[in-house]
>>> print(open('structure-v8.txt').read())   # compact mmCIF, C-alpha atoms and all ligand atoms
# COMPACT_ATOMS: atom_id res chain seq x y z
CA MET A 1 223.91 -180.14 -95.35
CA SER A 2 221.62 -177.98 -93.26
CA LYS A 3 220.81 -174.50 -94.40
CA THR A 4 222.15 -171.44 -92.62
CA PHE A 5 221.58 -167.75 -92.01
CA ARG A 6 223.80 -165.24 -90.21
CA LEU A 7 223.18 -163.59 -86.84
CA ASP A 8 225.47 -160.58 -86.37
CA GLY A 9 227.85 -162.28 -88.77
CA ARG A 10 227.75 -165.67 -87.04
CA GLU A 11 226.63 -168.67 -89.08
CA ILE A 12 223.44 -170.28 -87.63
CA PRO A 13 222.16 -173.61 -89.01
CA PHE A 14 218.40 -174.20 -89.17
CA GLU A 15 215.83 -176.74 -90.23
CA ALA A 16 212.71 -176.11 -92.23
CA GLY A 17 209.89 -174.77 -90.03
CA GLN A 18 212.15 -173.18 -87.41
CA THR A 19 211.84 -169.51 -86.54
CA ILE A 20 214.93 -167.31 -86.23
CA MET A 21 214.54 -167.57 -82.43
CA ASP A 22 214.30 -171.41 -82.48
CA ALA A 23 217.44 -171.71 -84.57
CA VAL A 24 219.46 -169.20 -82.55
CA LEU A 25 218.53 -170.77 -79.19
CA ALA A 26 219.27 -174.26 -80.57
CA ALA A 27 222.70 -173.03 -81.71
CA GLY A 28 223.45 -171.75 -78.18
CA GLY A 29 223.02 -168.10 -79.16
CA TYR A 30 220.79 -165.50 -77.55
CA ILE A 31 218.15 -163.05 -78.67
CA PRO A 32 216.32 -161.41 -75.75
CA HIS A 33 212.72 -162.52 -75.28
CA LEU A 34 209.95 -162.32 -72.68
CA CYS A 35 206.72 -163.69 -74.16
CA HIS A 36 208.61 -166.48 -75.92
CA ASN A 37 209.06 -169.86 -74.31
CA PRO A 38 210.01 -172.75 -76.61
CA GLU A 39 207.43 -175.01 -74.93
CA PHE A 40 204.58 -172.89 -76.27
CA ALA A 41 203.40 -171.56 -79.59
CA PRO A 42 205.04 -168.19 -80.38
CA HIS A 43 203.01 -165.19 -79.35
CA GLY A 44 204.92 -162.23 -80.79
CA SER A 45 203.54 -159.70 -78.33
CA CYS A 46 206.34 -158.28 -76.15
CA ARG A 47 208.57 -157.19 -79.08
CA VAL A 48 211.86 -157.33 -77.15
CA CYS A 49 213.08 -160.03 -79.57
CA LEU A 50 213.10 -157.47 -82.33
CA VAL A 51 215.87 -157.94 -84.94
CA ALA A 52 216.60 -156.24 -88.24
CA ILE A 53 216.74 -158.03 -91.57
CA GLY A 54 217.84 -155.80 -94.41
CA GLY A 55 216.66 -152.67 -92.57
CA ARG A 56 213.25 -154.17 -91.74
CA GLN A 57 212.46 -154.93 -88.11
CA VAL A 58 210.74 -158.21 -87.27
CA SER A 59 210.15 -160.25 -84.12
CA ALA A 60 212.61 -163.14 -84.11
CA CYS A 61 210.19 -165.45 -82.28
CA THR A 62 207.69 -165.37 -85.14
CA ALA A 63 209.86 -164.76 -88.23
CA PRO A 64 210.68 -167.96 -90.12
CA ALA A 65 214.36 -168.69 -90.65
CA SER A 66 215.41 -168.75 -94.26
CA GLU A 67 218.55 -169.38 -96.25
CA GLY A 68 221.09 -166.58 -96.42
CA LEU A 69 219.35 -164.05 -94.15
CA GLU A 70 221.56 -161.40 -92.56
CA VAL A 71 220.06 -160.87 -89.11
CA GLU A 72 221.17 -157.94 -86.97
CA SER A 73 220.54 -158.24 -83.24
CA ASP A 74 223.41 -156.96 -81.13
CA SER A 75 223.73 -153.50 -82.70
CA GLU A 76 223.29 -150.30 -80.69
CA ALA A 77 220.29 -149.27 -82.84
CA ILE A 78 218.41 -152.50 -82.10
CA GLN A 79 219.35 -152.45 -78.41
CA ALA A 80 218.08 -148.85 -78.17
CA THR A 81 214.69 -149.84 -79.60
CA ARG A 82 214.49 -152.77 -77.18
CA ARG A 83 215.33 -150.44 -74.30
CA ALA A 84 212.47 -148.14 -75.27
CA ILE A 85 210.08 -151.12 -75.35
CA LEU A 86 211.29 -152.25 -71.94
CA GLN A 87 210.99 -148.74 -70.53
CA MET A 88 207.35 -148.72 -71.61
CA LEU A 89 206.79 -152.08 -69.92
CA PHE A 90 208.33 -150.74 -66.72
CA VAL A 91 206.34 -147.48 -66.49
CA GLU A 92 203.09 -149.20 -67.43
CA GLY A 93 203.16 -151.36 -64.29
CA ASN A 94 204.59 -150.86 -60.82
CA HIS A 95 208.05 -152.42 -60.65
CA VAL A 96 209.72 -151.76 -57.32
CA CYS A 97 212.61 -154.19 -57.69
CA PRO A 98 214.10 -153.53 -54.21
CA ALA A 99 210.79 -154.71 -52.71
CA CYS A 100 210.20 -157.61 -55.12
CA GLU A 101 210.90 -161.21 -54.12
CA LYS A 102 211.76 -162.07 -57.70
CA SER A 103 214.53 -159.50 -58.02
CA GLY A 104 217.76 -161.04 -59.26
CA ALA A 105 215.94 -163.99 -60.82
CA CYS A 106 213.48 -162.00 -62.92
CA GLN A 107 213.58 -162.29 -66.67
CA LEU A 108 212.14 -158.81 -67.26
CA GLN A 109 214.84 -157.26 -65.10
CA ALA A 110 217.56 -159.44 -66.64
CA VAL A 111 216.57 -158.51 -70.18
CA ALA A 112 216.60 -154.85 -69.15
CA TYR A 113 220.14 -155.33 -67.78
CA TYR A 114 221.13 -157.06 -71.01
CA THR A 115 220.06 -154.03 -73.05
CA GLY A 116 221.80 -151.64 -70.64
CA MET A 117 218.61 -149.91 -69.48
CA LEU A 118 219.55 -147.49 -66.68
CA ALA A 119 216.22 -145.78 -66.07
CA PRO A 120 212.60 -145.99 -67.22
CA HIS A 121 212.85 -142.64 -69.06
CA PHE A 122 209.10 -142.17 -69.59
CA THR A 123 206.51 -140.75 -67.20
CA HIS A 124 205.31 -143.43 -64.82
CA PHE A 125 201.66 -144.42 -64.95
CA PHE A 126 201.62 -145.62 -61.32
CA PRO A 127 198.47 -147.63 -62.11
CA HIS A 128 196.32 -148.87 -59.25
CA ARG A 129 196.51 -152.64 -59.33
CA SER A 130 195.90 -155.27 -56.71
CA VAL A 131 197.65 -158.24 -55.13
CA ASP A 132 195.73 -161.50 -54.86
CA ALA A 133 196.96 -163.65 -51.97
CA SER A 134 193.84 -165.80 -51.69
CA HIS A 135 195.52 -169.02 -52.87
CA PRO A 136 197.28 -171.10 -50.18
CA ASP A 137 200.44 -171.71 -52.26
CA PHE A 138 200.79 -168.82 -54.72
CA ILE A 139 200.25 -165.09 -54.92
CA ILE A 140 199.53 -162.96 -57.96
CA ASP A 141 200.81 -159.41 -57.92
CA PHE A 142 199.12 -157.70 -60.84
CA ASN A 143 201.48 -154.72 -60.52
CA ARG A 144 204.19 -156.81 -62.17
CA CYS A 145 202.20 -158.47 -64.95
CA ILE A 146 203.40 -157.60 -68.47
CA LEU A 147 200.55 -159.43 -70.24
CA CYS A 148 202.88 -161.91 -71.95
CA GLU A 149 200.12 -164.54 -71.80
CA LEU A 150 202.51 -167.35 -70.87
CA CYS A 151 200.30 -168.32 -67.91
CA VAL A 152 197.27 -168.10 -70.22
CA ARG A 153 198.88 -170.41 -72.76
CA ALA A 154 200.24 -172.83 -70.12
CA SER A 155 196.91 -173.15 -68.34
CA ARG A 156 194.99 -173.63 -71.57
CA ASP A 157 197.41 -175.72 -73.62
CA GLN A 158 199.13 -177.86 -70.97
CA ASP A 159 197.00 -177.84 -67.83
CA GLY A 160 193.73 -177.99 -69.79
CA LYS A 161 192.18 -175.55 -67.30
CA ARG A 162 191.92 -172.03 -68.75
CA VAL A 163 192.42 -170.39 -65.35
CA PHE A 164 193.79 -167.20 -66.96
CA ALA A 165 192.71 -164.89 -69.76
CA ILE A 166 193.48 -161.37 -70.90
CA SER A 167 190.42 -159.19 -70.57
CA GLY A 168 189.73 -155.60 -71.69
CA ARG A 169 191.32 -153.63 -74.50
CA GLY A 170 194.22 -151.23 -74.95
CA LEU A 171 195.27 -149.65 -71.67
CA ASP A 172 192.49 -151.51 -69.88
CA SER A 173 193.92 -154.91 -70.83
CA HIS A 174 194.50 -156.97 -67.73
CA LEU A 175 194.93 -160.51 -66.56
CA ALA A 176 191.65 -162.07 -65.46
CA ILE A 177 191.13 -165.24 -63.43
CA ASP A 178 188.36 -167.70 -64.14
CA SER A 179 186.63 -168.25 -60.80
CA PRO A 180 183.28 -167.16 -59.34
CA SER A 181 184.95 -164.42 -57.25
CA GLY A 182 187.70 -163.63 -59.78
CA ARG A 183 190.23 -164.63 -57.12
CA LEU A 184 192.96 -167.23 -57.55
CA GLY A 185 192.05 -169.10 -54.36
CA ASP A 186 188.59 -169.85 -55.75
CA SER A 187 189.92 -171.11 -59.10
CA SER A 188 191.16 -174.59 -60.02
CA PHE A 189 194.79 -173.32 -60.08
CA ALA A 190 197.24 -175.68 -58.31
CA ALA A 191 200.91 -175.41 -57.38
CA GLY A 192 201.78 -178.29 -59.72
CA ASP A 193 200.25 -176.57 -62.76
CA LYS A 194 202.50 -175.60 -65.61
CA ALA A 195 200.97 -172.12 -65.37
CA ALA A 196 202.51 -171.73 -61.91
CA HIS A 197 206.01 -171.98 -63.36
CA VAL A 198 206.19 -169.91 -66.52
CA CYS A 199 205.85 -166.28 -65.47
CA PRO A 200 208.91 -164.29 -66.63
CA THR A 201 208.31 -161.65 -63.92
CA GLY A 202 207.45 -161.60 -60.22
CA ALA A 203 203.69 -161.53 -60.97
CA ILE A 204 203.06 -165.20 -60.13
CA LEU A 205 205.09 -166.27 -57.12
CA PRO A 206 205.16 -169.25 -54.76
CA LYS A 207 204.42 -168.35 -51.15
CA HIS A 208 206.79 -168.89 -48.21
CA ARG A 209 209.99 -169.15 -50.24
CA GLY A 210 210.67 -165.59 -51.28
CA TYR A 211 214.12 -165.24 -49.80
CA GLU A 212 215.36 -168.84 -49.80
CA THR A 213 218.05 -167.78 -52.26
CA PRO A 214 219.74 -164.68 -50.85
CA ILE A 215 220.16 -161.53 -52.93
CA GLY A 216 223.62 -161.73 -54.47
CA ALA A 217 223.37 -165.49 -55.11
CA ARG A 218 220.47 -165.27 -57.53
CA LEU A 219 220.28 -166.42 -61.12
CA TYR A 220 221.24 -163.16 -62.81
CA ASP A 221 223.30 -161.56 -60.05
CA ARG A 222 226.67 -162.47 -61.52
CA GLU A 223 226.16 -163.27 -65.17
CA PRO A 224 223.81 -161.92 -67.82
CA ILE A 225 220.78 -163.75 -69.15
CA SER A 226 222.56 -164.20 -72.49
CA VAL A 227 224.91 -166.57 -70.64
CA VAL A 228 222.63 -168.01 -67.95
CA GLY A 229 219.50 -168.54 -70.06
CA ASP A 230 215.82 -168.34 -69.13
CA VAL A 231 214.36 -168.77 -65.66
CA ARG A 232 212.56 -171.89 -66.90
CA ALA A 233 215.83 -173.73 -67.41
CA HIS A 234 216.65 -173.21 -63.72
CA GLU A 235 213.27 -173.82 -62.09
CA GLU A 236 214.68 -176.20 -59.48
CA GLU A 237 217.28 -173.69 -58.28
CA VAL A 238 215.15 -170.58 -58.18
CA ALA A 239 211.46 -171.50 -57.97
CA MET B 1 239.65 -120.78 -56.42
CA SER B 2 240.57 -124.33 -57.21
CA ASP B 3 239.69 -125.53 -60.67
CA LYS B 4 238.71 -128.98 -59.45
CA PRO B 5 235.11 -129.88 -60.35
CA ARG B 6 232.60 -128.90 -57.67
CA ILE B 7 230.14 -131.54 -56.54
CA ALA B 8 226.91 -131.08 -54.59
CA THR B 9 224.72 -133.89 -53.29
CA VAL B 10 221.34 -134.04 -51.59
CA SER B 11 218.85 -136.59 -50.31
CA LEU B 12 215.24 -135.76 -51.20
CA CYS B 13 212.70 -138.51 -50.51
CA GLY B 14 215.34 -141.16 -49.87
CA CYS B 15 216.72 -142.99 -46.86
CA PHE B 16 220.32 -141.72 -47.09
CA GLY B 17 221.31 -145.24 -48.14
CA CYS B 18 222.81 -143.94 -51.40
CA HIS B 19 224.94 -141.48 -49.43
CA MET B 20 226.01 -144.30 -47.11
CA SER B 21 227.00 -146.30 -50.17
CA LEU B 22 229.04 -143.33 -51.40
CA LEU B 23 230.93 -143.45 -48.09
CA ASP B 24 231.36 -147.19 -48.67
CA ILE B 25 234.01 -146.43 -51.29
CA ASP B 26 236.20 -146.48 -48.16
CA GLU B 27 239.74 -145.16 -48.58
CA ARG B 28 238.99 -144.23 -52.19
CA ILE B 29 237.18 -141.24 -50.66
CA LEU B 30 240.66 -139.74 -50.20
CA ASP B 31 241.25 -140.03 -53.96
CA LEU B 32 237.86 -138.49 -54.55
CA VAL B 33 238.60 -135.54 -52.27
CA GLY B 34 241.77 -135.05 -54.35
CA LEU B 35 239.73 -135.01 -57.55
CA VAL B 36 236.79 -132.80 -56.59
CA THR B 37 235.65 -130.07 -54.24
CA PHE B 38 232.48 -130.67 -52.26
CA ASP B 39 229.86 -127.96 -52.22
CA ARG B 40 226.51 -128.40 -50.45
CA THR B 41 226.17 -132.02 -49.31
CA PRO B 42 225.19 -133.75 -46.08
CA LEU B 43 228.90 -134.63 -45.79
CA THR B 44 230.11 -131.02 -45.53
CA ASP B 45 227.11 -129.43 -43.86
CA ILE B 46 227.34 -126.47 -46.26
CA LYS B 47 223.74 -125.23 -46.39
CA ARG B 48 223.74 -122.99 -49.45
CA LEU B 49 224.22 -124.38 -52.90
CA GLY B 50 226.83 -122.68 -55.10
CA ASP B 51 227.46 -123.10 -58.83
CA CYS B 52 228.56 -126.68 -59.37
CA ASP B 53 229.77 -128.95 -62.13
CA LEU B 54 227.97 -131.99 -60.84
CA GLY B 55 224.90 -132.62 -58.67
CA LEU B 56 223.93 -136.02 -57.29
CA ILE B 57 220.25 -136.33 -56.35
CA GLU B 58 219.27 -139.15 -54.03
CA GLY B 59 215.57 -139.81 -53.50
CA GLY B 60 212.39 -139.05 -55.37
CA VAL B 61 210.17 -135.99 -55.15
CA ALA B 62 207.53 -136.31 -52.43
CA ASN B 63 206.88 -132.81 -51.09
CA ALA B 64 206.97 -129.12 -52.00
CA GLU B 65 210.43 -128.62 -50.53
CA ASN B 66 211.83 -131.50 -52.62
CA VAL B 67 210.56 -129.73 -55.75
CA GLU B 68 212.18 -126.45 -54.73
CA VAL B 69 215.55 -128.03 -53.85
CA LEU B 70 215.58 -130.12 -57.03
CA ARG B 71 214.90 -127.06 -59.21
CA GLU B 72 217.66 -125.16 -57.40
CA PHE B 73 220.06 -128.03 -58.11
CA ARG B 74 219.06 -127.98 -61.78
CA ARG B 75 219.74 -124.24 -61.97
CA ARG B 76 223.11 -124.49 -60.24
CA CYS B 77 224.57 -127.78 -61.57
CA LYS B 78 225.91 -128.26 -65.07
CA VAL B 79 225.37 -132.02 -64.89
CA LEU B 80 222.61 -133.56 -62.80
CA VAL B 81 222.48 -137.23 -61.85
CA ALA B 82 219.53 -139.31 -60.60
CA PHE B 83 221.46 -141.20 -57.97
CA GLY B 84 219.86 -144.49 -56.87
CA ALA B 85 216.53 -146.26 -57.25
CA CYS B 86 214.25 -143.66 -55.62
CA ALA B 87 215.59 -140.81 -57.77
CA VAL B 88 215.39 -143.05 -60.85
CA ASN B 89 211.83 -144.36 -60.44
CA GLY B 90 210.41 -143.20 -57.10
CA GLY B 91 211.44 -146.44 -55.40
CA VAL B 92 209.86 -147.76 -52.22
CA PRO B 93 208.36 -144.37 -51.17
CA ALA B 94 206.41 -144.33 -54.45
CA MET B 95 204.53 -147.42 -53.26
CA ARG B 96 202.27 -144.92 -51.50
CA ASN B 97 201.07 -143.84 -54.96
CA GLN B 98 198.69 -146.79 -54.75
CA PHE B 99 196.73 -144.95 -52.05
CA ARG B 100 195.09 -141.57 -51.67
CA LEU B 101 197.25 -139.10 -49.77
CA ALA B 102 194.46 -138.44 -47.26
CA ASP B 103 194.26 -142.18 -46.53
CA CYS B 104 198.05 -142.38 -46.01
CA LEU B 105 197.94 -139.47 -43.56
CA ARG B 106 194.93 -140.83 -41.71
CA GLU B 107 196.56 -144.26 -41.40
CA SER B 108 199.86 -142.78 -40.13
CA TYR B 109 198.58 -140.10 -37.79
CA CYS B 110 195.01 -141.03 -36.79
CA ASP B 111 193.85 -144.63 -37.23
CA GLY B 112 197.12 -146.57 -37.27
CA ILE B 113 198.12 -149.06 -34.59
CA GLY B 114 199.84 -147.44 -31.60
CA VAL B 115 199.02 -143.82 -32.51
CA HIS B 116 198.86 -141.47 -29.50
CA ASN B 117 197.41 -137.95 -29.71
CA PRO B 118 195.89 -138.57 -33.14
CA GLY B 119 195.87 -135.61 -35.52
CA ILE B 120 197.47 -134.80 -38.88
CA PRO B 121 200.43 -132.42 -38.33
CA ASN B 122 199.86 -129.04 -40.01
CA ASP B 123 202.67 -126.82 -38.76
CA PRO B 124 203.50 -124.33 -41.56
CA GLU B 125 207.18 -125.34 -41.20
CA ILE B 126 206.37 -128.84 -42.48
CA PRO B 127 206.56 -129.06 -46.29
CA LEU B 128 203.29 -130.14 -47.87
CA LEU B 129 203.24 -133.60 -49.37
CA LEU B 130 202.53 -134.04 -53.07
CA ASN B 131 199.69 -136.33 -54.09
CA GLN B 132 202.22 -138.77 -55.55
CA VAL B 133 205.93 -139.45 -55.27
CA HIS B 134 207.73 -138.82 -58.57
CA PRO B 135 211.09 -139.83 -60.03
CA VAL B 136 213.31 -136.75 -60.45
CA HIS B 137 213.26 -136.88 -64.27
CA GLU B 138 209.53 -136.14 -64.16
CA VAL B 139 210.29 -132.74 -62.57
CA VAL B 140 213.58 -131.53 -64.12
CA GLU B 141 215.84 -132.63 -66.93
CA ILE B 142 218.36 -135.26 -65.82
CA ASP B 143 221.67 -135.95 -67.55
CA HIS B 144 222.63 -139.33 -66.08
CA PHE B 145 221.00 -142.17 -64.20
CA LEU B 146 222.71 -144.50 -61.74
CA PRO B 147 220.28 -147.21 -60.58
CA GLY B 148 220.56 -149.41 -57.49
CA CYS B 149 219.03 -149.56 -54.02
CA PRO B 150 221.61 -148.36 -53.25
CA PRO B 151 224.09 -148.33 -56.16
CA SER B 152 227.09 -150.29 -54.88
CA ALA B 153 230.23 -148.44 -53.85
CA ASP B 154 232.00 -149.95 -56.87
CA ALA B 155 229.23 -148.77 -59.20
CA ILE B 156 229.49 -145.26 -57.75
CA TRP B 157 233.26 -145.34 -58.16
CA THR B 158 233.06 -146.50 -61.78
CA PHE B 159 230.40 -143.91 -62.51
CA LEU B 160 232.23 -140.95 -60.95
CA ASN B 161 235.55 -141.83 -62.55
CA GLU B 162 234.14 -142.24 -66.03
CA LEU B 163 232.07 -139.09 -65.69
CA LEU B 164 234.98 -136.99 -64.40
CA GLU B 165 237.22 -138.31 -67.17
CA GLY B 166 234.56 -137.41 -69.73
CA LYS B 167 234.23 -141.02 -70.90
CA PRO B 168 230.97 -142.74 -71.82
CA ILE B 169 229.63 -144.50 -68.71
CA ARG B 170 229.78 -148.27 -68.94
CA LEU B 171 228.97 -150.16 -65.78
CA PRO B 172 230.32 -153.72 -65.67
CA TYR B 173 227.48 -156.29 -65.47
CA ASP B 174 227.73 -156.89 -61.73
CA GLN B 175 227.49 -153.16 -61.03
CA LEU B 176 224.19 -152.66 -62.87
CA HIS B 177 221.35 -153.45 -60.46
CA TYR B 178 217.85 -152.17 -59.81
CA ASP B 179 217.77 -153.66 -56.29
S1 LIG C 301 208.88 -158.35 -61.50
FE1 LIG C 301 211.06 -158.10 -62.04
S2 LIG C 301 211.20 -156.04 -62.90
FE2 LIG C 301 209.25 -156.16 -61.78
S3 LIG C 301 209.70 -155.45 -59.68
FE3 LIG C 301 209.99 -157.67 -59.67
S4 LIG C 301 212.19 -157.94 -60.09
FE4 LIG C 301 211.67 -155.85 -60.71
S1 LIG C 302 201.08 -163.18 -64.82
FE1 LIG C 302 203.16 -163.48 -65.61
S2 LIG C 302 202.91 -165.13 -67.13
FE2 LIG C 302 200.87 -164.30 -66.76
S3 LIG C 302 200.58 -162.74 -68.35
FE3 LIG C 302 201.37 -161.69 -66.50
S4 LIG C 302 203.58 -161.62 -66.78
FE4 LIG C 302 202.80 -163.15 -68.23
S1 LIG C 303 209.73 -162.80 -77.47
FE1 LIG C 303 209.22 -162.29 -79.51
S2 LIG C 303 207.66 -160.84 -79.29
FE2 LIG C 303 208.00 -161.49 -77.22
>>> encode(input="structure-v8.txt", output="structure tokens")
Amino acid sequence: MSKTFRLDGREIPFEAGQTIMDAVLAAGGYIPHLCHNPEFAPHGSCRVCLVAIGGRQVSACTAPASEGLEVESDSEAIQATRRAILQMLFVEGNHVCPACEKSGACQLQAVAYYTGMLAPHFTHFFPHRSVDASHPDFIIDFNRCILCELCVRASRDQDGKRVFAISGRGLDSHLAIDSPSGRLGDSSFAAGDKAAHVCPTGAILPKHRGYETPIGARLYDREPISVVGDVRAHEEEVA
Amino acid sequence: MSDKPRIATVSLCGCFGCHMSLLDIDERILDLVGLVTFDRTPLTDIKRLGDCDLGLIEGGVANAENVEVLREFRRRCKVLVAFGACAVNGGVPAMRNQFRLADCLRESYCDGIGVHNPGIPNDPEIPLLLNQVHPVHEVVEIDHFLPGCPPSADAIWTFLNELLEGKPIRLPYDQLHYD
């Protein structure tokens, strides 16, 4: 008999060592997440996977599952907190979805839809950030980076390259590229790298294929991310 | 005086796409005309804003006139709605916020490709541009937000019906879009 906990009243089985997120995803459930990707060690930085256990809020991607927990995820209070976190992510960068090639297949946008976010609410920072189009196959648009470190982890842990790192502190934190010029085209980054295929936003994008899938036929255009799942599970269709 | 709710609409720094989408509700516009009275809007050509129950603001705030009109709408309308992507977050026009205003003007009117008679227009009739384009909620208090570039006709229809019936606004999944 496997052990169980409850997610919004639903029984979820788990094995020793699994986090709440691992167990829920394995059981076909959904807790929103951006910095989490089951292929990499949990990072616990974006906080959109926030759930409540007995009135205490924890990140589901780092909290270990344990017998008999009552986990609250789909309540209005939790969704409201997630919305506020997402609103901060939106105003901190420059997200012009109508002008973004990733729109409709973007996990940040899809999670915001899932929580019912209608507007960014806060005052926009409108930071000055650049676009790096120096690589022949990929562009990086720093305006859309949410510092989830998935590309950092993929490049380091799977590609063995360390092309990316987060540099600076606090508001100055930014994604840095390891090359003499600091540009992607002068780094060892290649289209086949794992790091090229893990970004949950439109920050790292393949060139020349932006509108292969028309708006309206994209991953999250018809059904929510809680049904469709992560971008990574659909790489072939949407890359 | 009819006691139907009065609606006013305006396009600030927008492309009129949200107003076009409002017209896209097709024959339902006849139902809408039965439900509300239109005050100042590009559809009626009434120039002066009266006291209204509802104001729909398309577009962000890019110049001094936008600020003035938006504040007038806030004074006159009981309920004010940020209508569409540019009103909600500045949208595509806010992409100029990456550049200095002087550089934008120089590029458009002096150094740009194909410019004849270079010179930055300075007729006093032309409203002065703000340094940055702002979403409307950064200038006045906003009661409701309807995202989309533009919001689809169905989303507008759902929104207006629920609002007029005093219900909480719940857009079905395929009507909630930022693009
Ligand atoms: S990365 Fe996602 S949220 Fe940001 S502009 Fe692109 S589609 Fe919108
Ligand atoms: S570029 Fe993408 S994957 Fe890398 S840190 Fe930014 S959002 Fe995350
Ligand atoms: S998914 Fe858990 S903190 Fe980002």
>>> residues_near_ligand(input="structure-v8.txt", ligand="ligand LIG 303 (chain C)", cutoff="6 Å", atoms="only C-alpha atoms and all ligand atoms", output="ChimeraX atom specification")
/A:33-36,44-49,59-61
>>> write_last_selection(input="structure-v8.txt", atoms="C-alpha atoms", output="mmCIF file, in the coordinates of the input")
data_model
loop_
_atom_site.group_PDB
_atom_site.id
_atom_site.type_symbol
_atom_site.label_atom_id
_atom_site.label_comp_id
_atom_site.auth_asym_id
_atom_site.auth_seq_id
_atom_site.Cartn_x
_atom_site.Cartn_y
_atom_site.Cartn_z
ATOM 1 C CA HIS A 33 212.720 -162.520 -75.280
ATOM 2 C CA LEU A 34 209.950 -162.320 -72.680
ATOM 3 C CA CYS A 35 206.720 -163.690 -74.160
ATOM 4 C CA HIS A 36 208.610 -166.480 -75.920
ATOM 5 C CA GLY A 44 204.920 -162.230 -80.790
ATOM 6 C CA SER A 45 203.540 -159.700 -78.330
ATOM 7 C CA CYS A 46 206.340 -158.280 -76.150
ATOM 8 C CA ARG A 47 208.570 -157.190 -79.080
ATOM 9 C CA VAL A 48 211.860 -157.330 -77.150
ATOM 10 C CA CYS A 49 213.080 -160.030 -79.570
ATOM 11 C CA SER A 59 210.150 -160.250 -84.120
ATOM 12 C CA ALA A 60 212.610 -163.140 -84.110
ATOM 13 C CA CYS A 61 210.190 -165.450 -82.280
#
>>> atom_distance(input="structure-v8.txt", atom1="atom CA of Val131 of chain A", atom2="atom CA of Pro147 of chain B")
25.8 Å
>>> interface_residues(input="structure-v8.txt", of="chain B", to="chain A", cutoff="9 Å", atoms="only C-alpha atoms", output="ChimeraX atom specification")
/B:85,88-92,94-95,97-99,132,134-135,137-138,144-149,170-171,173-174,176-179
>>> atom_distance(input="structure-v8.txt", atom1="atom FE4 of ligand LIG 302 (chain C)", atom2="atom CA of Pro150 of chain B")
28.2 Å
>>> closest_residue(input="structure-v8.txt", among="A:Ser2, A:Gln158, A:Ser187, A:Asn143", to="ligand LIG 301 (chain C)", atoms="only C-alpha atoms and all ligand atoms")
A:Asn143
>>> residues_around(input="structure-v8.txt", residues="segment 102-105 of chain B", least_positions_apart="6", cutoff="9 Å", atoms="only C-alpha atoms", output="list in words")
Arg96, Ile120 and Asn131 of chain B
>>> residues_around(input="structure-v8.txt", residues="Asn37 of chain A", least_positions_apart="5", cutoff="10 Å", atoms="all atoms listed in the file", output="JSON, numbers by chain")
{"A": [22, 42, 43, 61, 150, 198, 200, 230, 232]}
>>> residues_around(input="structure-v8.txt", residues="Gly14 of chain B", least_positions_apart="6", cutoff="8 Å", atoms="all atoms listed in the file", output="list in words")
Glu58, Gly59, Gly60, Cys86, Ala87 and Pro93 of chain B
>>> residues_near_ligand(input="structure-v8.txt", ligand="ligand LIG 302 (chain C)", cutoff="8 Å", atoms="all atoms listed in the file", output="PyMOL selection string")
chain A and resi 35+140-142+144-152+164+166+175+195+198-204
>>> atom_distance(input="structure-v8.txt", atom1="atom CA of Arg75 of chain B", atom2="atom CA of Ile29 of chain B")
26.9 Å
>>> closest_residue(input="structure-v8.txt", among="A:Ala154, A:Leu69, A:Leu86, A:Ile177", to="ligand LIG 301 (chain C)", atoms="only C-alpha atoms and all ligand atoms")
A:Leu86
>>> closest_residue(input="structure-v8.txt", among="A:Val228, A:Ile139, A:Leu171, A:Val111", to="ligand LIG 301 (chain C)", atoms="all atoms listed in the file")
A:Val111
>>> residues_around(input="structure-v8.txt", residues="Arg209 of chain A", least_positions_apart="3", cutoff="9 Å", atoms="only C-alpha atoms", output="JSON, numbers by chain")
{"A": [101, 205, 206, 212, 213, 239]}
